[in-house]
Structures are given as C-alpha cells and as structure tokens.
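All remarks here apply to the structure that follows.
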Amino acid sequence: MDLDPTRVARELDRLGAPVGRPLSIAAETASTNDDAKRAAAAGAPHGATFIADAQTAGRGRGGHAWHSPPGENLYASIVLRPRVAATEIASITLAVGLAVARVVARAVHAGADVALKWPNDVLVDGRKIAGVLVEGQLRGDRVVSLVAGVGLNVRTRCFPAELSDRATSLALAGAGDLDRSAIAAALVAEVGIVAAAFEAAGLAPLLREIRAADFLRGRGVDVGGLRGTAAGIDDGGRLLVRDAGGVVHVVASGEVLFGGMVEGCSTGDRSSP
Ligand code: BTN
C-alpha cells in the first residue's frame with residue numbers, strides 16, 4: 001500500500017512537522033475523528049495523528065456520510081491542544097481548510113482554481129476535493145482538545161452518482177504525484193503550521209490568504225433561509241451575507257447553498273458532497 005507509516009513518519013521528520021506524532025495508520029477504522037477523539041479524551045498529546053486507508057463510518061458536517069473507500073484517498077485526524085477559547089473553534093475550521101488548500105494547490109495542475117468554500121470545503125475548479133470536520137472537547141469556555149479531521153480525495157476518478165457532478169480528486173485535477181504517504185505528511189505538516197499560527201495570533205495572519213481563496217464572495221447564497229450575496233469573511237472567520245435590502249448579516253455557522261455570481265438572480269445548488 002502507498003500509505004506506509006514508516007514513509008509518512010520519515011517525511012514528517014524531513015519537513016520538520018510540528019505535529020504528526022504519535023502516528024497511527026490503520027488499514028480500516030470506523031472514523032479517524034472518533035479514533036482521535038477517544039485518544040484525546042484519554043490524554044493523547046497535541047499532534048497525535050490518526051490516518052486510515054478506509055473508513056466504514058466516515059462523517060462529514062451535519063452528519064453526512066463521508067465516502068471513504070480503501071486504496072484511494074486520505075482520511076486523517078489530528079489532535080490539537082491550542083490555548084484558545086471555545087468560540088474560536090469555527091475559525092479554526094477555516095484555518096485547517098487553508099492548510100489543505102495550500103497542499104492541494106501545490107499538487108494540482110498549474111492553472112487550477114483552488115478555493116475555500118466557507119466554512120469547511122476545499123474546491124478545485126468549483127468541485128469539492130476535500131472537507132474539514134473540526135470537533136472539540138470543551139471545559140467551560142476553554143478548548144481542552146480539538147480534533148481536526150480532513151478527508152482529501154486523491155485517486156478517486158469515479159464518484160457515486162450523487163457526488164459525480166460536484167466532487168473531484170487530485171487525480172482528476174491533474175496532480176502528477178499520487179503517493180499518499182507524501183501527501184499525508186504534507187497535509188499533516190501544513191495543519192500543524194496553521195495551528196501554530198492560529199494559536200499565536202488567531203486568524204489574523206491567515207486572513208489575507210483565506211479571503212483571496214473565498215469561493216462564495218459575490219455569489220448568491222442561502223444560509224438557513226437567509227438569502228443574499230456573500231460579501232466576504234469577517235475578522236472572526238464568519239461569513240458576511242448582504243441581503244436584497246443591502247443589510248449585511250454576520251453568519252457564524254450553517255450550510256451554504258450557492259448559485260452563480262450575482263448580477264440579477266441566482267440558481268440554488270446544494271454544495272456539500
Ligand atoms: C465535510 O466536508 O463535511 C467534512 C468531511 C470530513 C471527513 C473527514 S475524513 C477523516 C475524518 N474522519 C471522519 O469521520 N471525518 C473526517
């Protein structure tokens with residue numbers, strides 16, 4: 001199998017990754033997020049990482065199933081113990097998404113449009129290539145631990161029918177190297193880098209890049225019944241939506257249905273595989 005613990009560990013060392021140890025790579029598990037959460041509850045340190053070749057109960061946001069066949073993709077969850085307030089968990093999702101987008105952008109064909117779709121999707125040329133699921137263990141208003149889970153489509157060329165028109169993979173996006181050990185190490189290392197930046201200074205050092213990659217800006221959106229035009233991401237990582245009357249609403253969470261760039265009207269489309 002191209003997902004090899006020794007090679008991932010060696011590559012993490014070579015990259016000087018601030019996370020990724022201890023490292024567990026399973027042939028199959030129910031959900032790497034559940035593995036990481038269990039380990040975190042039992043005291044696993046910042047950086048402990050759980051990767052699987054396949055998941056039998058992979059989950060996305062809102063309880064959606066995450067397509068997790070063996071031999072194809074990356075399913076990784078990293079325990080983080082940043083000293084941040086519970087209210088900051090949502091913006092950590094964006095920061096982790098940025099880490100994934102950086103790795104994807106280095107891998108895919110030169111002209112590809114790699115974007116972040118608030119709050120947790122990474123897209124290439126408008127199709128979802130990766131999703132982020134951050135789950136937290138809280139004590140009062142403090143974060144005891146977080147689990148940053150990432151599903152990244154690497155080799156899949158044929159998606160289930162319900163995903164086929166809105167999902168993509170590194171293979172479909174022209175990546176030359178589909179070695180999951182190297183990609184896993186790059187991904188985990190980058191998550192560690194953005195997590196350190198976030199802990200030091202919050203979202204501020206990452207915002208310029210996040211805003212430059214904002215897929216929704218200028219598009220017609222519907223977030224839980226609030227309809228309008230996405231107007232960017234605020235300093236706290238929340239989505240701004242301008243309604244038809246020109247009022248800007250601040251949205252902290254929710255699933256976004258989106259249409260085209262707004263010039264008059266928009267067509268709604270469910271966005272998250
Ligand atoms: C989403 O887009 O809704 C988030 C998808 C997150 C999927 C990853 S795969 C690794 C980790 N384990 C899970 O069960 N979920 C996350």
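Letters A, B, ... mark the chains of the structure tokens in the order given; residue numbers begin at 1 per chain; ligand numbers begin at 1, in order shown.
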Checklist entry - Do you know which residues are at most 7 Å from Gly97 (chain A) counting only C-alpha atoms, after dropping those on the same chain fewer than 6 positions away, and could you put them as a list in words? => result Leu116, Asn120, Asp121, Val122 and Val132 of chain A
Go ahead and dump the residues you just picked, N, CA and C atoms, as a compact mmCIF listing (two decimals), in the first residue's frame.
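Full text of selection_29.txt as output:
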```txt
# COMPACT_ATOMS: atom_id res chain seq x y z
N LEU A 116 -11.55 28.10 -1.15
CA LEU A 116 -12.15 27.67 0.12
C LEU A 116 -13.60 28.07 0.08
N ASN A 120 -16.05 24.96 5.38
CA ASN A 120 -15.18 23.80 5.57
C ASN A 120 -14.83 23.03 4.30
N ASP A 121 -15.08 23.60 3.14
CA ASP A 121 -14.81 22.84 1.91
C ASP A 121 -13.62 23.42 1.16
N VAL A 122 -12.86 22.54 0.53
CA VAL A 122 -11.81 22.96 -0.39
C VAL A 122 -12.25 22.52 -1.79
N VAL A 132 -13.36 19.47 5.78
CA VAL A 132 -12.75 19.55 7.12
C VAL A 132 -13.85 19.41 8.16
```
Next on the checklist: Taking only C-alpha atoms and all ligand atoms and a cut-off of 7 Å, can you tell me which residues surround ligand 1, written as a PyMOL selection string?
Outcome noted: chain A and resi 31-34+57-62+64+66+75-77+120-121+130-133+149-151+272-273
Item to check | helix (DSSP H, G or I) positions in region 185-242 of chain A, given as a PyMOL selection string | outcome: chain A and resi 185-201+204-212
Item to check | Distance query Leu216 (chain A) at most 8 Å, only C-alpha atoms, self and fewer than 6 positions along chain excluded, as number ranges by chain | outcome: A: 117-118, 230, 232, 258
For the residues in the current selection, export all heavy atoms as a short mmCIF file (atom, residue, chain, number, x, y, z; two decimals), in the first residue's frame.
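Okay, this is what ended up in again.cif:
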```cif
data_model
loop_
_atom_site.label_atom_id
_atom_site.label_comp_id
_atom_site.auth_asym_id
_atom_site.auth_seq_id
_atom_site.Cartn_x
_atom_site.Cartn_y
_atom_site.Cartn_z
N LYS A 117 -14.47 27.09 0.30
CA LYS A 117 -15.89 27.43 0.39
C LYS A 117 -16.28 27.39 1.85
O LYS A 117 -16.25 26.34 2.48
CB LYS A 117 -16.74 26.46 -0.42
CG LYS A 117 -18.18 26.93 -0.52
CD LYS A 117 -19.10 25.82 -0.96
CE LYS A 117 -20.38 25.94 -0.16
NZ LYS A 117 -20.66 24.87 0.73
N TRP A 118 -16.54 28.57 2.41
CA TRP A 118 -16.88 28.68 3.82
C TRP A 118 -17.99 27.72 4.18
O TRP A 118 -18.95 27.63 3.42
CB TRP A 118 -17.33 30.13 4.09
CG TRP A 118 -17.58 30.45 5.53
CD1 TRP A 118 -16.69 31.00 6.41
CD2 TRP A 118 -18.80 30.28 6.25
NE1 TRP A 118 -17.29 31.16 7.62
CE2 TRP A 118 -18.58 30.72 7.56
CE3 TRP A 118 -20.06 29.75 5.91
CZ2 TRP A 118 -19.57 30.67 8.54
CZ3 TRP A 118 -21.04 29.70 6.88
CH2 TRP A 118 -20.79 30.16 8.19
N ALA A 230 -22.98 36.65 -0.90
CA ALA A 230 -21.84 36.52 0.01
C ALA A 230 -20.94 37.73 -0.15
O ALA A 230 -20.56 38.10 -1.28
CB ALA A 230 -21.08 35.23 -0.28
N GLY A 232 -18.00 38.30 1.72
CA GLY A 232 -16.67 38.14 2.31
C GLY A 232 -16.71 37.45 3.67
O GLY A 232 -17.75 36.95 4.11
N PHE A 258 -25.46 27.60 -2.72
CA PHE A 258 -24.99 28.74 -3.50
C PHE A 258 -25.42 28.63 -4.95
O PHE A 258 -25.73 27.57 -5.47
CB PHE A 258 -23.47 28.88 -3.43
CG PHE A 258 -22.73 27.74 -4.09
CD1 PHE A 258 -22.38 27.80 -5.43
CD2 PHE A 258 -22.36 26.63 -3.37
CE1 PHE A 258 -21.70 26.77 -6.03
CE2 PHE A 258 -21.68 25.57 -3.97
CZ PHE A 258 -21.35 25.65 -5.30
#
```
Checklist entry - Which residues, written as number ranges by chain, have at least one atom at most 10 Å from Pro5 (chain A), with only C-alpha atoms counted and residues fewer than 3 positions away on the same chain left out? => result A: 2, 8-11, 23-26, 51, 181, 185
Next on the checklist: Run DSSP on the backbone and tell me which residues of region 31-215 of chain A come out as strand (DSSP E); list them as a ChimeraX atom specification.
Outcome noted: /A:49-55,74-80,114-117,121-124,127-139,142-152
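Counting only C-alpha atoms, Val251 (chain A) has the following residues at most 9 Å away, ignoring those fewer than 4 positions along the same chain: Val223, Arg238, Leu239, Leu240 and Val241 of chain A.
CA of Val103 (chain A) is found 20.1 Å from CA of Arg166 (chain A).
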Checklist entry - If we count only C-alpha atoms, what is near Ala110 (chain A) at a cut-off of 9 Å, once residues fewer than 4 positions away on the same chain are taken out, given as a PyMOL selection string? => result chain A and resi 105-106+174
